[in-house]
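Engineer: mmCIF, C-alpha atoms (C1' of nucleotides), saved as start.cif, coming up:
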```cif
data_run
#
loop_
_atom_site.label_atom_id
_atom_site.label_comp_id
_atom_site.auth_asym_id
_atom_site.auth_seq_id
_atom_site.Cartn_x
_atom_site.Cartn_y
_atom_site.Cartn_z
CA MET A 714 58.90 18.77 59.29
CA VAL A 715 61.06 19.53 56.46
CA ARG A 716 60.37 22.72 54.87
CA SER A 717 61.79 24.20 51.77
CA ALA A 718 64.93 26.16 52.26
CA ASP A 719 63.01 29.31 51.53
CA ALA A 720 60.39 28.75 54.15
CA GLY A 721 60.22 31.65 56.51
CA ARG A 722 61.95 33.90 54.07
CA SER A 723 60.08 36.82 52.68
CA SER A 724 59.53 36.87 48.97
CA SER A 725 61.91 39.76 48.70
CA GLU A 726 64.66 37.71 50.26
CA ARG A 727 64.01 34.95 47.79
CA ILE A 728 64.40 37.45 45.03
CA LEU A 729 67.74 38.56 46.37
CA ASP A 730 68.78 34.96 46.64
CA ALA A 731 67.90 34.36 43.02
CA VAL A 732 69.93 37.34 41.90
CA ARG A 733 72.88 36.07 43.89
CA ARG A 734 72.84 32.96 41.70
CA VAL A 735 73.50 34.97 38.57
CA PRO A 736 77.07 34.38 37.43
CA ALA A 737 79.30 37.23 36.39
CA GLY A 738 79.30 38.05 32.74
CA LYS A 739 75.64 37.16 32.45
CA VAL A 740 72.45 39.11 32.85
CA VAL A 741 68.90 38.15 33.72
CA SER A 742 65.61 39.95 33.26
CA TYR A 743 63.39 40.96 36.15
CA GLY A 744 60.72 38.54 35.09
CA LYS A 745 63.24 35.72 35.07
CA VAL A 746 64.37 36.51 38.55
CA ALA A 747 60.79 36.66 39.71
CA ARG A 748 60.20 33.23 38.26
CA LEU A 749 63.30 31.82 39.88
CA ALA A 750 62.25 33.39 43.14
CA GLY A 751 58.91 31.66 42.93
CA LEU A 752 56.95 34.78 42.09
CA PRO A 753 56.00 34.46 38.44
CA GLY A 754 54.54 37.68 37.16
CA ALA A 755 55.87 39.76 40.02
CA ALA A 756 58.58 41.42 38.01
CA ARG A 757 57.76 44.74 39.61
CA GLN A 758 58.42 43.31 42.98
CA VAL A 759 61.87 42.31 41.84
CA GLY A 760 62.67 45.84 40.79
CA TYR A 761 61.28 47.14 44.04
CA ALA A 762 63.46 44.75 46.00
CA MET A 763 66.49 46.06 44.14
CA ALA A 764 65.52 49.65 44.74
CA ARG A 765 65.66 49.20 48.48
CA LEU A 766 68.88 47.22 48.32
CA ASP A 767 71.86 48.51 50.19
CA GLY A 768 75.27 49.08 48.72
CA GLU A 769 76.49 46.65 51.36
CA SER A 770 74.40 43.83 49.98
CA ASP A 771 76.28 41.17 48.10
CA VAL A 772 73.53 41.10 45.55
CA PRO A 773 74.72 41.80 42.01
CA TRP A 774 71.73 43.95 41.20
CA GLN A 775 73.57 45.17 38.14
CA ARG A 776 73.15 41.84 36.45
CA VAL A 777 69.42 42.35 36.48
CA VAL A 778 68.21 44.11 33.36
CA ARG A 779 64.99 44.67 31.50
CA SER A 780 63.34 42.07 29.33
CA ASP A 781 64.56 43.75 26.18
CA GLY A 782 68.13 43.87 27.40
CA SER A 783 68.11 47.54 28.27
CA LEU A 784 68.94 48.93 31.67
CA ALA A 785 66.25 50.14 34.02
CA PRO A 786 66.16 53.92 34.48
CA ARG A 787 65.47 54.48 38.12
CA GLY A 788 62.20 56.32 37.94
CA GLY A 789 63.00 59.43 39.88
CA GLY A 790 64.95 62.55 39.14
CA LEU A 791 68.55 61.38 39.47
CA ALA A 792 67.73 58.67 37.03
CA SER A 793 70.97 57.82 35.33
CA CYS A 794 72.59 57.80 38.74
CA GLY A 795 72.92 54.06 39.13
CA MET A 796 72.32 53.28 35.51
CA LYS A 797 75.64 54.50 34.22
CA GLU A 798 77.40 52.64 36.95
CA GLN A 799 75.46 49.55 36.06
CA ARG A 800 76.62 49.65 32.48
CA ARG A 801 80.19 50.14 33.55
CA LEU A 802 80.07 47.21 35.91
CA LEU A 803 78.52 44.93 33.34
CA GLU A 804 81.13 45.86 30.78
CA GLY A 805 83.74 45.10 33.39
CA GLU A 806 82.30 41.60 33.69
CA GLY A 807 82.51 41.03 29.99
CA VAL A 808 79.00 42.02 29.01
CA GLY A 809 78.83 43.97 25.79
CA PHE A 810 76.30 46.66 24.95
CA GLY A 811 74.81 47.37 21.57
CA ALA A 812 74.60 50.69 19.79
CA ASP A 813 71.19 51.16 21.41
CA ASP A 814 72.61 50.73 24.90
CA ARG A 815 71.12 47.29 24.91
CA ILE A 816 72.53 43.93 25.93
CA ASP A 817 72.31 40.96 23.63
CA LEU A 818 70.17 38.67 25.74
CA ALA A 819 70.70 35.89 23.24
CA ARG A 820 74.35 35.98 24.23
CA TYR A 821 74.50 37.26 27.79
CA GLY A 822 71.06 36.23 28.94
CA TRP A 823 71.67 33.83 31.81
CA ARG A 824 69.89 30.51 31.82
CA PRO A 825 69.38 28.66 35.10
CA GLU A 826 70.03 25.45 33.24
CA PRO A 827 71.96 26.03 30.07
CA PRO A 828 71.29 23.03 27.87
CA PRO A 829 74.32 21.53 26.19
CA GLU A 830 74.44 22.09 22.50
"C1'" DA B 1024 43.38 50.96 57.49
"C1'" DA B 1025 43.10 52.40 52.76
"C1'" DG B 1026 45.21 54.35 48.75
"C1'" DT B 1027 49.19 55.33 45.89
"C1'" DT B 1028 53.67 54.18 43.97
"C1'" DG B 1029 57.02 51.54 41.64
"C1'" DA B 1030 64.67 49.41 38.89
"C1'" DC B 1031 58.53 45.30 35.17
"C1'" DT B 1032 56.25 42.40 31.38
"C1'" DA B 1033 53.10 40.95 28.02
"C1'" DT B 1034 49.03 42.03 25.34
"C1'" DT B 1035 46.29 45.01 22.57
"C1'" DT B 1036 45.24 49.23 19.87
"C1'" DA C 1221 56.64 50.35 14.80
"C1'" DA C 1222 55.34 52.81 18.89
"C1'" DA C 1223 52.02 53.93 22.51
"C1'" DA C 1224 48.47 52.69 25.74
"C1'" DT C 1225 46.34 49.14 29.01
"C1'" DA C 1226 46.13 45.54 32.22
"C1'" DG C 1227 48.23 42.45 35.70
"C1'" DC C 1228 51.48 41.71 39.58
"C1'" DC C 1229 52.62 42.19 44.71
"C1'" DA C 1230 55.04 44.44 48.42
"C1'" DA C 1231 56.40 48.81 50.54
"C1'" DC C 1232 55.38 53.57 51.60
"C1'" DT C 1233 52.25 57.56 53.04
#
```
Once you've parsed the file, please lay out its structure as structure tokens.

Structural biologist:
Amino acid sequence: MVRSADAGRSSSERILDAVRRVPAGKVVSYGKVARLAGLPGAARQVGYAMARLDGESDVPWQRVVRSDGSLAPRGGGLASCGMKEQRRLLEGEGVGFGADDRIDLARYGWRPEPPPE
DNA sequence: AAGTTGACTATTT
DNA sequence: AAAATAGCCAACT
């Protein structure tokens, strides 16, 4: 029988797949990714999936930011470790940061289906 | 096997 | 406005 393309895939893999859909120059919040992955409300799971990502993965984890447009400080000691890199990469894709180190979601927030104006 | 942790978000105080 | 609380689900110990 036909099964959805995600059948058999773990939720985490669906999350990664959703992040892969994010175009460069745009950012998406964890909750949004969770929703796209089919796990509404599981924003934490999205972050967890990113945390265990490998540098070899083709997943643009940097395009995933917090709901308020700020970057996510990796909870542990070497916090800013990946965070600074994240900002640099986003700026390299054309994403601008505000004076509060925040991204303007109204401008760079990616929409799965951007409605024509 | 059971309990704790965690790159989150939205609600309430 | 900022801080605390609850809800989420998988991985880790």

Engineer: Please tabulate, as a tab-separated table, the residues of chain C that come within 7 Å of chain A, each with its closest pair of atoms and the distance in Å to one decimal, counting all atoms listed in the file and ordering rows by chain, then residue number upward.

Structural biologist:
```
residue	atom	partner	partner_atom	distance
C:DC1228	C1'	A:Ala755	CA	4.8
C:DC1229	C1'	A:Gln758	CA	6.2
C:DA1230	C1'	A:Gln758	CA	6.5
```

Engineer: Place a sphere of radius 10 Å on (81.0, 41.4, 34.7) in the file coordinates and name every protein, DNA or RNA residue with an atom inside or on its surface, counting only C-alpha atoms (C1' of nucleotides); give the answer as an mmCIF file with C-alpha atoms, keeping the file's coordinate frame.

Structural biologist:
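Contents of out.cif, freshly written:
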```cif
data_model
loop_
_atom_site.group_PDB
_atom_site.id
_atom_site.type_symbol
_atom_site.label_atom_id
_atom_site.label_comp_id
_atom_site.auth_asym_id
_atom_site.auth_seq_id
_atom_site.Cartn_x
_atom_site.Cartn_y
_atom_site.Cartn_z
ATOM 1 C CA PRO A 736 77.070 34.380 37.430
ATOM 2 C CA ALA A 737 79.300 37.230 36.390
ATOM 3 C CA GLY A 738 79.300 38.050 32.740
ATOM 4 C CA LYS A 739 75.640 37.160 32.450
ATOM 5 C CA VAL A 740 72.450 39.110 32.850
ATOM 6 C CA PRO A 773 74.720 41.800 42.010
ATOM 7 C CA GLN A 775 73.570 45.170 38.140
ATOM 8 C CA ARG A 776 73.150 41.840 36.450
ATOM 9 C CA GLN A 799 75.460 49.550 36.060
ATOM 10 C CA ARG A 800 76.620 49.650 32.480
ATOM 11 C CA ARG A 801 80.190 50.140 33.550
ATOM 12 C CA LEU A 802 80.070 47.210 35.910
ATOM 13 C CA LEU A 803 78.520 44.930 33.340
ATOM 14 C CA GLU A 804 81.130 45.860 30.780
ATOM 15 C CA GLY A 805 83.740 45.100 33.390
ATOM 16 C CA GLU A 806 82.300 41.600 33.690
ATOM 17 C CA GLY A 807 82.510 41.030 29.990
ATOM 18 C CA VAL A 808 79.000 42.020 29.010
ATOM 19 C CA GLY A 809 78.830 43.970 25.790
#
```

Engineer: Find the residues of chain A in contact range of chain B, meaning any atom within 7 Å when counting all atoms listed in the file, and list them as a list in words.

Structural biologist: Tyr743, Gly744, Ala756, Arg757, Gly760, Tyr761, Met763, Ala764, Ala785, Pro786 and Arg787 of chain A

Engineer: What separation in Å, quoted to one decimal, exists between CA of Leu749 (chain A) and CA of Arg722 (chain A)?

Structural biologist: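 It comes out at 14.4 Å.
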
Engineer: So what do you get for C1' of DT1225 (chain C) versus CA of Trp774 (chain A), distance-wise?

Structural biologist: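 Value for the C1' of DT1225 (chain C)-CA of Trp774 (chain A) distance: 28.6 Å.
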